[in-house]
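In what follows, a structure is listed as structure tokens, so that the remarks can point back to it.
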Amino acid sequence: MTISMSSACLPLFQTTLGNLSHILDKAQAHADARKFDASALTQFRLAPDMLPFTRQVLIACDAAKNGVARISGVEAPKFDDTETTFAELKERIRKTLDWLATVPADKLDGREDKDITFPVGREKTRTMKGQAYLSHWMLPNFFFHVVTAYAILRHNGVEIGKTDYLVGAAAGA
């Protein structure tokens, strides 16, 4: 059995972004219970040269929507990147999921050999075939930023674990 481009990414984005929203709830509850400003978490970075938590969430959302847009040819919405709170980040995730739900599977399927040109840094681009882009760039980039967001929260004492990271997987099984 072969796997289609749409089935390789759309359900995965839905589940993983839902899981990310779930861990944002736990992070907010952690800050509330310990009575500290949640911006201590949203602005935290694991290393001086890494982006802070907020950017990790924004980039994960953008990796999903822009990757799907590049493959499908459907124009992705532009977001302002002004989110600073957990509530605003959850709204960004919701908007991303809402848009992804509008992309028809047939706009992704059959695009395995389509040339996808995408930015790599500020002034360079790269071109890959659709399936290679999905498998070797889009999905790894998405997961990198989701896992980094998870690691920032875990590092800061938010009580999350593997079951939180995978919470939505049971629903799709």
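In the structure tokens, chains take the letters A, B, ... in the order shown, each chain's residues start at 1, and ligands count up from 1 in the order shown.
Contact shell of segment 115-119 of chain A at 9 Å (only C-alpha atoms; same-chain neighbours under 4 positions omitted): Gly67, Arg70, Ile71, Arg111, Glu123, Lys124, Thr125, Arg126, Thr127, Met128, Lys129, Gly130 and Tyr133 of chain A.
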Selected residues, N, CA and C atoms, written as a PDB file, in the first residue's frame, please.
```pdb
ATOM      1  N   GLY A  67       4.466  24.809   4.058  1.00  0.00           N
ATOM      2  CA  GLY A  67       4.834  23.589   3.350  1.00  0.00           C
ATOM      3  C   GLY A  67       3.673  23.038   2.535  1.00  0.00           C
ATOM      4  N   ARG A  70       3.089  25.309  -0.449  1.00  0.00           N
ATOM      5  CA  ARG A  70       4.071  25.133  -1.526  1.00  0.00           C
ATOM      6  C   ARG A  70       3.763  23.893  -2.363  1.00  0.00           C
ATOM      7  N   ILE A  71       3.402  22.823  -1.706  1.00  0.00           N
ATOM      8  CA  ILE A  71       3.112  21.588  -2.448  1.00  0.00           C
ATOM      9  C   ILE A  71       1.798  21.705  -3.207  1.00  0.00           C
ATOM     10  N   ARG A 111       1.525  15.229  -6.344  1.00  0.00           N
ATOM     11  CA  ARG A 111       2.525  16.295  -6.497  1.00  0.00           C
ATOM     12  C   ARG A 111       3.928  15.831  -6.098  1.00  0.00           C
ATOM     13  N   GLU A 123      18.567  34.731   2.300  1.00  0.00           N
ATOM     14  CA  GLU A 123      18.837  35.114   0.917  1.00  0.00           C
ATOM     15  C   GLU A 123      19.026  33.941  -0.041  1.00  0.00           C
ATOM     16  N   LYS A 124      18.775  32.737   0.406  1.00  0.00           N
ATOM     17  CA  LYS A 124      18.977  31.569  -0.452  1.00  0.00           C
ATOM     18  C   LYS A 124      17.679  30.790  -0.587  1.00  0.00           C
ATOM     19  N   THR A 125      17.606  30.035  -1.672  1.00  0.00           N
ATOM     20  CA  THR A 125      16.499  29.112  -1.863  1.00  0.00           C
ATOM     21  C   THR A 125      17.059  27.748  -2.219  1.00  0.00           C
ATOM     22  N   ARG A 126      16.202  26.785  -2.143  1.00  0.00           N
ATOM     23  CA  ARG A 126      16.552  25.416  -2.525  1.00  0.00           C
ATOM     24  C   ARG A 126      15.352  24.850  -3.264  1.00  0.00           C
ATOM     25  N   THR A 127      15.593  23.935  -4.177  1.00  0.00           N
ATOM     26  CA  THR A 127      14.517  23.284  -4.908  1.00  0.00           C
ATOM     27  C   THR A 127      14.629  21.780  -4.713  1.00  0.00           C
ATOM     28  N   MET A 128      13.511  21.174  -4.388  1.00  0.00           N
ATOM     29  CA  MET A 128      13.424  19.722  -4.221  1.00  0.00           C
ATOM     30  C   MET A 128      12.123  19.250  -4.874  1.00  0.00           C
ATOM     31  N   LYS A 129      12.053  17.989  -5.204  1.00  0.00           N
ATOM     32  CA  LYS A 129      10.805  17.386  -5.664  1.00  0.00           C
ATOM     33  C   LYS A 129       9.843  17.289  -4.472  1.00  0.00           C
ATOM     34  N   GLY A 130       8.560  17.315  -4.755  1.00  0.00           N
ATOM     35  CA  GLY A 130       7.535  17.348  -3.714  1.00  0.00           C
ATOM     36  C   GLY A 130       7.677  16.304  -2.634  1.00  0.00           C
ATOM     37  N   TYR A 133      10.795  16.961  -0.597  1.00  0.00           N
ATOM     38  CA  TYR A 133      10.559  18.146   0.227  1.00  0.00           C
ATOM     39  C   TYR A 133       9.730  17.777   1.455  1.00  0.00           C
TER      40      TYR A 133
END
```
For Leu89 of chain A, list every protein, DNA or RNA residue within 8 Å, evaluated using only C-alpha atoms, and leave out those in the same chain fewer than 5 positions away; present the list as a PyMOL selection string.
chain A and resi 54+57-58+83-84
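Distance-wise, atom CA of Phe44 of chain A and atom CA of Tyr150 of chain A end up 11.7 Å apart.
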Could you please write out, as a PDB file with C-alpha atoms, in the first residue's frame, every residue of segment 35-136 of chain A that DSSP assigns to strand (DSSP E)?
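Below is the file that was written, result_19.pdb:
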```
ATOM      1  CA  ASP A 115       9.509  21.140  -8.085  1.00  0.00           C
ATOM      2  CA  ILE A 116       9.232  22.962  -4.767  1.00  0.00           C
ATOM      3  CA  THR A 117      11.434  26.025  -4.298  1.00  0.00           C
ATOM      4  CA  PHE A 118      11.619  27.340  -0.757  1.00  0.00           C
ATOM      5  CA  PRO A 119      13.731  29.720   1.319  1.00  0.00           C
ATOM      6  CA  THR A 125      16.499  29.112  -1.863  1.00  0.00           C
ATOM      7  CA  ARG A 126      16.552  25.416  -2.525  1.00  0.00           C
ATOM      8  CA  THR A 127      14.517  23.284  -4.908  1.00  0.00           C
ATOM      9  CA  MET A 128      13.424  19.722  -4.221  1.00  0.00           C
ATOM     10  CA  LYS A 129      10.805  17.386  -5.664  1.00  0.00           C
TER      11      LYS A 129
END
```
Need the shell around Cys61 of chain A: protein/DNA/RNA residues with any atom at most 10 Å away, counting only C-alpha atoms. Skip same-chain ones fewer than 4 positions apart. Format as an mmCIF file with C-alpha atoms, in the first residue's frame?
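Saved result, result-v3.cif, follows:
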```cif
data_model
loop_
_atom_site.group_PDB
_atom_site.id
_atom_site.type_symbol
_atom_site.label_atom_id
_atom_site.label_comp_id
_atom_site.auth_asym_id
_atom_site.auth_seq_id
_atom_site.Cartn_x
_atom_site.Cartn_y
_atom_site.Cartn_z
ATOM 1 C CA PHE A 13 -0.134 18.261 11.425
ATOM 2 C CA LEU A 17 -0.444 20.844 16.517
ATOM 3 C CA ARG A 55 9.148 31.647 17.772
ATOM 4 C CA GLN A 56 9.353 27.848 17.968
ATOM 5 C CA VAL A 57 5.551 27.650 18.020
ATOM 6 C CA LYS A 65 0.920 25.877 6.473
ATOM 7 C CA ASN A 66 3.676 27.103 4.169
ATOM 8 C CA GLY A 67 4.834 23.589 3.350
ATOM 9 C CA LEU A 89 -0.156 31.008 20.563
ATOM 10 C CA ARG A 92 -2.272 30.792 16.102
ATOM 11 C CA ILE A 93 -2.361 26.996 16.227
ATOM 12 C CA ARG A 94 -6.142 27.035 15.802
ATOM 13 C CA LYS A 95 -5.939 29.382 12.794
ATOM 14 C CA THR A 96 -3.295 27.154 11.238
ATOM 15 C CA LEU A 97 -5.420 24.055 11.773
ATOM 16 C CA PHE A 142 8.106 20.982 11.646
ATOM 17 C CA HIS A 145 10.354 23.249 16.212
ATOM 18 C CA VAL A 146 7.612 21.311 18.019
#
```
Measure the distance from atom CA of His30 of chain A to atom CA of Met50 of chain A in Å and round it to one decimal.
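These two atoms are separated by 23.1 Å.
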Neighbour list for Ser7 of chain A as a ChimeraX atom specification, cut-off 12 Å, only C-alpha atoms, skip fewer than 2 positions in-chain
/A:2-5,9-14,68,104-110,134,172
Just N, CA and C atoms for this one: save the residues we selected as a PDB file, in the first residue's frame.
```pdb
ATOM      1  N   THR A   2       0.563   2.186  -0.829  1.00  0.00           N
ATOM      2  CA  THR A   2       1.320   3.438  -0.871  1.00  0.00           C
ATOM      3  C   THR A   2       0.634   4.466   0.025  1.00  0.00           C
ATOM      4  N   ILE A   3       1.401   5.457   0.384  1.00  0.00           N
ATOM      5  CA  ILE A   3       0.867   6.537   1.209  1.00  0.00           C
ATOM      6  C   ILE A   3       0.804   7.791   0.339  1.00  0.00           C
ATOM      7  N   SER A   4      -0.287   8.511   0.457  1.00  0.00           N
ATOM      8  CA  SER A   4      -0.444   9.715  -0.352  1.00  0.00           C
ATOM      9  C   SER A   4       0.232  10.898   0.332  1.00  0.00           C
ATOM     10  N   MET A   5       0.489  11.930  -0.436  1.00  0.00           N
ATOM     11  CA  MET A   5       1.095  13.140   0.113  1.00  0.00           C
ATOM     12  C   MET A   5       0.187  13.749   1.189  1.00  0.00           C
ATOM     13  N   CYS A   9       0.849  14.091   5.594  1.00  0.00           N
ATOM     14  CA  CYS A   9       1.077  15.333   6.338  1.00  0.00           C
ATOM     15  C   CYS A   9      -0.154  15.916   7.019  1.00  0.00           C
ATOM     16  N   LEU A  10      -1.295  15.939   6.381  1.00  0.00           N
ATOM     17  CA  LEU A  10      -2.432  16.644   6.982  1.00  0.00           C
ATOM     18  C   LEU A  10      -2.855  16.063   8.341  1.00  0.00           C
ATOM     19  N   PRO A  11      -3.069  14.747   8.464  1.00  0.00           N
ATOM     20  CA  PRO A  11      -3.438  14.222   9.782  1.00  0.00           C
ATOM     21  C   PRO A  11      -2.312  14.396  10.812  1.00  0.00           C
ATOM     22  N   LEU A  12      -1.091  14.297  10.361  1.00  0.00           N
ATOM     23  CA  LEU A  12       0.055  14.466  11.243  1.00  0.00           C
ATOM     24  C   LEU A  12       0.094  15.888  11.799  1.00  0.00           C
ATOM     25  N   PHE A  13      -0.116  16.882  10.957  1.00  0.00           N
ATOM     26  CA  PHE A  13      -0.134  18.261  11.425  1.00  0.00           C
ATOM     27  C   PHE A  13      -1.294  18.483  12.387  1.00  0.00           C
ATOM     28  N   GLN A  14      -2.450  17.934  12.054  1.00  0.00           N
ATOM     29  CA  GLN A  14      -3.617  18.094  12.909  1.00  0.00           C
ATOM     30  C   GLN A  14      -3.339  17.538  14.306  1.00  0.00           C
ATOM     31  N   VAL A  68       2.501  22.980   3.158  1.00  0.00           N
ATOM     32  CA  VAL A  68       1.308  22.510   2.448  1.00  0.00           C
ATOM     33  C   VAL A  68       0.991  23.445   1.284  1.00  0.00           C
ATOM     34  N   PRO A 104      -7.841  20.834   0.029  1.00  0.00           N
ATOM     35  CA  PRO A 104      -8.308  19.532  -0.456  1.00  0.00           C
ATOM     36  C   PRO A 104      -7.140  18.565  -0.655  1.00  0.00           C
ATOM     37  N   ALA A 105      -7.356  17.322  -0.287  1.00  0.00           N
ATOM     38  CA  ALA A 105      -6.316  16.292  -0.427  1.00  0.00           C
ATOM     39  C   ALA A 105      -5.810  16.208  -1.860  1.00  0.00           C
ATOM     40  N   ASP A 106      -6.701  16.384  -2.832  1.00  0.00           N
ATOM     41  CA  ASP A 106      -6.273  16.237  -4.222  1.00  0.00           C
ATOM     42  C   ASP A 106      -5.337  17.352  -4.689  1.00  0.00           C
ATOM     43  N   LYS A 107      -5.227  18.425  -3.898  1.00  0.00           N
ATOM     44  CA  LYS A 107      -4.261  19.473  -4.227  1.00  0.00           C
ATOM     45  C   LYS A 107      -2.843  19.076  -3.810  1.00  0.00           C
ATOM     46  N   LEU A 108      -2.732  18.082  -2.927  1.00  0.00           N
ATOM     47  CA  LEU A 108      -1.427  17.573  -2.477  1.00  0.00           C
ATOM     48  C   LEU A 108      -1.059  16.272  -3.187  1.00  0.00           C
ATOM     49  N   ASP A 109      -2.034  15.419  -3.325  1.00  0.00           N
ATOM     50  CA  ASP A 109      -1.787  14.099  -3.907  1.00  0.00           C
ATOM     51  C   ASP A 109      -1.402  14.212  -5.376  1.00  0.00           C
ATOM     52  N   GLY A 110      -0.432  13.434  -5.767  1.00  0.00           N
ATOM     53  CA  GLY A 110       0.052  13.466  -7.143  1.00  0.00           C
ATOM     54  C   GLY A 110       1.101  14.535  -7.390  1.00  0.00           C
ATOM     55  N   LEU A 134       8.647  17.055   1.244  1.00  0.00           N
ATOM     56  CA  LEU A 134       7.782  16.632   2.347  1.00  0.00           C
ATOM     57  C   LEU A 134       8.553  15.779   3.354  1.00  0.00           C
ATOM     58  N   GLY A 172      -6.046   9.093  16.496  1.00  0.00           N
ATOM     59  CA  GLY A 172      -5.863   8.795  15.076  1.00  0.00           C
ATOM     60  C   GLY A 172      -5.551   7.344  14.789  1.00  0.00           C
TER      61      GLY A 172
END
```
Please list as a PyMOL selection string every residue within 12 Å of Phe144 of chain A, counting only C-alpha atoms and excluding residues in the same chain fewer than 2 positions away.
chain A and resi 16+56-57+59-61+63-64+137-142+146-151
Restricting it to N, CA and C atoms, dump the selection as a compact mmCIF listing (two decimals), in the first residue's frame.
```
# COMPACT_ATOMS: atom_id res chain seq x y z
N THR A 16 -0.36 16.69 15.77
CA THR A 16 0.79 17.26 16.47
C THR A 16 0.54 18.69 16.91
N GLN A 56 9.42 29.28 18.29
CA GLN A 56 9.35 27.85 17.97
C GLN A 56 7.93 27.46 17.58
N VAL A 57 6.96 27.95 18.32
CA VAL A 57 5.55 27.65 18.02
C VAL A 57 5.15 28.29 16.69
N ILE A 59 7.02 29.13 14.16
CA ILE A 59 7.68 28.46 13.04
C ILE A 59 7.08 27.09 12.78
N ALA A 60 6.70 26.37 13.83
CA ALA A 60 6.05 25.07 13.63
C ALA A 60 4.75 25.26 12.84
N CYS A 61 3.96 26.27 13.22
CA CYS A 61 2.72 26.55 12.48
C CYS A 61 3.02 26.93 11.03
N ALA A 63 5.70 26.18 9.29
CA ALA A 63 6.24 25.03 8.56
C ALA A 63 5.11 24.18 7.99
N ALA A 64 4.07 23.99 8.78
CA ALA A 64 2.92 23.22 8.32
C ALA A 64 2.17 23.95 7.21
N TRP A 137 12.49 17.64 4.33
CA TRP A 137 12.62 19.03 4.77
C TRP A 137 11.42 19.48 5.60
N MET A 138 10.24 19.41 5.02
CA MET A 138 9.05 19.96 5.65
C MET A 138 8.73 19.29 6.98
N LEU A 139 8.61 17.97 6.98
CA LEU A 139 8.27 17.27 8.23
C LEU A 139 9.39 17.35 9.27
N PRO A 140 10.66 17.13 8.90
CA PRO A 140 11.71 17.27 9.91
C PRO A 140 11.77 18.68 10.50
N ASN A 141 11.60 19.70 9.69
CA ASN A 141 11.61 21.08 10.18
C ASN A 141 10.45 21.32 11.15
N PHE A 142 9.28 20.86 10.78
CA PHE A 142 8.11 20.98 11.65
C PHE A 142 8.37 20.34 13.00
N VAL A 146 8.54 21.82 17.00
CA VAL A 146 7.61 21.31 18.02
C VAL A 146 8.40 20.71 19.18
N VAL A 147 9.39 19.89 18.87
CA VAL A 147 10.19 19.26 19.92
C VAL A 147 10.99 20.30 20.71
N THR A 148 11.49 21.32 20.05
CA THR A 148 12.22 22.36 20.75
C THR A 148 11.30 23.10 21.71
N ALA A 149 10.08 23.41 21.28
CA ALA A 149 9.10 24.04 22.17
C ALA A 149 8.84 23.15 23.38
N TYR A 150 8.63 21.86 23.13
CA TYR A 150 8.42 20.89 24.21
C TYR A 150 9.62 20.90 25.17
N ALA A 151 10.82 20.86 24.63
CA ALA A 151 12.03 20.80 25.45
C ALA A 151 12.19 22.05 26.31
```
DSSP alpha helix (DSSP H) selection over chain A, as an NGL selection string:
:A and (5-34 or 39-42 or 53-72 or 86-100 or 130-133 or 139-155 or 162-165 or 169-172)
C-alpha atoms of the current selection, written as an mmCIF file, in the first residue's frame:
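Produced file again.cif, reproduced below:
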```
data_model
loop_
_atom_site.group_PDB
_atom_site.id
_atom_site.type_symbol
_atom_site.label_atom_id
_atom_site.label_comp_id
_atom_site.auth_asym_id
_atom_site.auth_seq_id
_atom_site.Cartn_x
_atom_site.Cartn_y
_atom_site.Cartn_z
ATOM 1 C CA MET A 5 1.095 13.140 0.113
ATOM 2 C CA SER A 6 -2.026 14.378 1.898
ATOM 3 C CA SER A 7 -2.216 11.421 4.266
ATOM 4 C CA ALA A 8 1.492 11.795 5.031
ATOM 5 C CA CYS A 9 1.077 15.333 6.338
ATOM 6 C CA LEU A 10 -2.432 16.644 6.982
ATOM 7 C CA PRO A 11 -3.438 14.222 9.782
ATOM 8 C CA LEU A 12 0.055 14.466 11.243
ATOM 9 C CA PHE A 13 -0.134 18.261 11.425
ATOM 10 C CA GLN A 14 -3.617 18.094 12.909
ATOM 11 C CA THR A 15 -2.566 15.703 15.663
ATOM 12 C CA THR A 16 0.794 17.261 16.466
ATOM 13 C CA LEU A 17 -0.444 20.844 16.517
ATOM 14 C CA GLY A 18 -3.299 19.681 18.740
ATOM 15 C CA ASN A 19 -0.739 18.097 21.043
ATOM 16 C CA LEU A 20 1.257 21.325 21.039
ATOM 17 C CA SER A 21 -1.875 23.230 22.056
ATOM 18 C CA HIS A 22 -2.352 20.712 24.875
ATOM 19 C CA ILE A 23 1.135 21.329 26.253
ATOM 20 C CA LEU A 24 0.537 25.089 26.072
ATOM 21 C CA ASP A 25 -2.427 24.559 28.413
ATOM 22 C CA LYS A 26 -0.166 22.693 30.804
ATOM 23 C CA ALA A 27 2.466 25.437 30.601
ATOM 24 C CA GLN A 28 -0.104 28.130 31.426
ATOM 25 C CA ALA A 29 -1.407 26.040 34.326
ATOM 26 C CA HIS A 30 2.182 25.620 35.551
ATOM 27 C CA ALA A 31 2.781 29.385 35.520
ATOM 28 C CA ASP A 32 -0.580 30.055 37.200
ATOM 29 C CA ALA A 33 -0.029 27.452 39.932
ATOM 30 C CA ARG A 34 3.425 28.801 40.727
ATOM 31 C CA SER A 39 6.425 35.324 29.662
ATOM 32 C CA ALA A 40 9.330 33.757 31.546
ATOM 33 C CA LEU A 41 8.452 30.621 29.561
ATOM 34 C CA THR A 42 7.348 32.181 26.287
ATOM 35 C CA PHE A 53 9.702 29.451 22.770
ATOM 36 C CA THR A 54 7.220 31.762 21.048
ATOM 37 C CA ARG A 55 9.148 31.647 17.772
ATOM 38 C CA GLN A 56 9.353 27.848 17.968
ATOM 39 C CA VAL A 57 5.551 27.650 18.020
ATOM 40 C CA LEU A 58 5.152 30.229 15.252
ATOM 41 C CA ILE A 59 7.681 28.465 13.036
ATOM 42 C CA ALA A 60 6.045 25.067 13.632
ATOM 43 C CA CYS A 61 2.722 26.550 12.482
ATOM 44 C CA ASP A 62 4.379 28.203 9.497
ATOM 45 C CA ALA A 63 6.244 25.027 8.558
ATOM 46 C CA ALA A 64 2.921 23.216 8.319
ATOM 47 C CA LYS A 65 0.920 25.877 6.473
ATOM 48 C CA ASN A 66 3.676 27.103 4.169
ATOM 49 C CA GLY A 67 4.834 23.589 3.350
ATOM 50 C CA VAL A 68 1.308 22.510 2.448
ATOM 51 C CA ALA A 69 0.864 25.708 0.429
ATOM 52 C CA ARG A 70 4.071 25.133 -1.526
ATOM 53 C CA ILE A 71 3.112 21.588 -2.448
ATOM 54 C CA SER A 72 -0.572 22.233 -3.128
ATOM 55 C CA PHE A 86 -0.004 31.138 25.541
ATOM 56 C CA ALA A 87 -3.584 32.102 24.643
ATOM 57 C CA GLU A 88 -2.390 33.933 21.531
ATOM 58 C CA LEU A 89 -0.156 31.008 20.563
ATOM 59 C CA LYS A 90 -3.098 28.624 20.950
ATOM 60 C CA GLU A 91 -5.108 30.902 18.662
ATOM 61 C CA ARG A 92 -2.272 30.792 16.102
ATOM 62 C CA ILE A 93 -2.361 26.996 16.227
ATOM 63 C CA ARG A 94 -6.142 27.035 15.802
ATOM 64 C CA LYS A 95 -5.939 29.382 12.794
ATOM 65 C CA THR A 96 -3.295 27.154 11.238
ATOM 66 C CA LEU A 97 -5.420 24.055 11.773
ATOM 67 C CA ASP A 98 -8.505 25.794 10.420
ATOM 68 C CA TRP A 99 -6.646 26.718 7.234
ATOM 69 C CA LEU A 100 -5.113 23.262 6.819
ATOM 70 C CA GLY A 130 7.535 17.348 -3.714
ATOM 71 C CA GLN A 131 7.963 13.993 -2.016
ATOM 72 C CA ALA A 132 11.566 14.707 -1.038
ATOM 73 C CA TYR A 133 10.559 18.146 0.227
ATOM 74 C CA LEU A 139 8.270 17.270 8.229
ATOM 75 C CA PRO A 140 11.712 17.268 9.915
ATOM 76 C CA ASN A 141 11.613 21.081 10.177
ATOM 77 C CA PHE A 142 8.106 20.982 11.646
ATOM 78 C CA PHE A 143 9.068 18.379 14.238
ATOM 79 C CA PHE A 144 12.305 20.181 15.116
ATOM 80 C CA HIS A 145 10.354 23.249 16.212
ATOM 81 C CA VAL A 146 7.612 21.311 18.019
ATOM 82 C CA VAL A 147 10.191 19.259 19.924
ATOM 83 C CA THR A 148 12.225 22.363 20.750
ATOM 84 C CA ALA A 149 9.100 24.043 22.166
ATOM 85 C CA TYR A 150 8.418 20.895 24.213
ATOM 86 C CA ALA A 151 12.026 20.795 25.449
ATOM 87 C CA ILE A 152 11.922 24.439 26.553
ATOM 88 C CA LEU A 153 8.844 23.790 28.672
ATOM 89 C CA ARG A 154 10.184 20.541 30.072
ATOM 90 C CA HIS A 155 13.509 22.200 30.905
ATOM 91 C CA LYS A 162 5.910 11.712 26.284
ATOM 92 C CA THR A 163 2.198 11.065 26.751
ATOM 93 C CA ASP A 164 1.541 14.816 26.471
ATOM 94 C CA TYR A 165 3.655 15.054 23.331
ATOM 95 C CA ALA A 169 -1.991 9.983 18.576
ATOM 96 C CA ALA A 170 -4.454 7.598 20.223
ATOM 97 C CA ALA A 171 -7.369 9.377 18.528
ATOM 98 C CA GLY A 172 -5.863 8.795 15.076
#
```
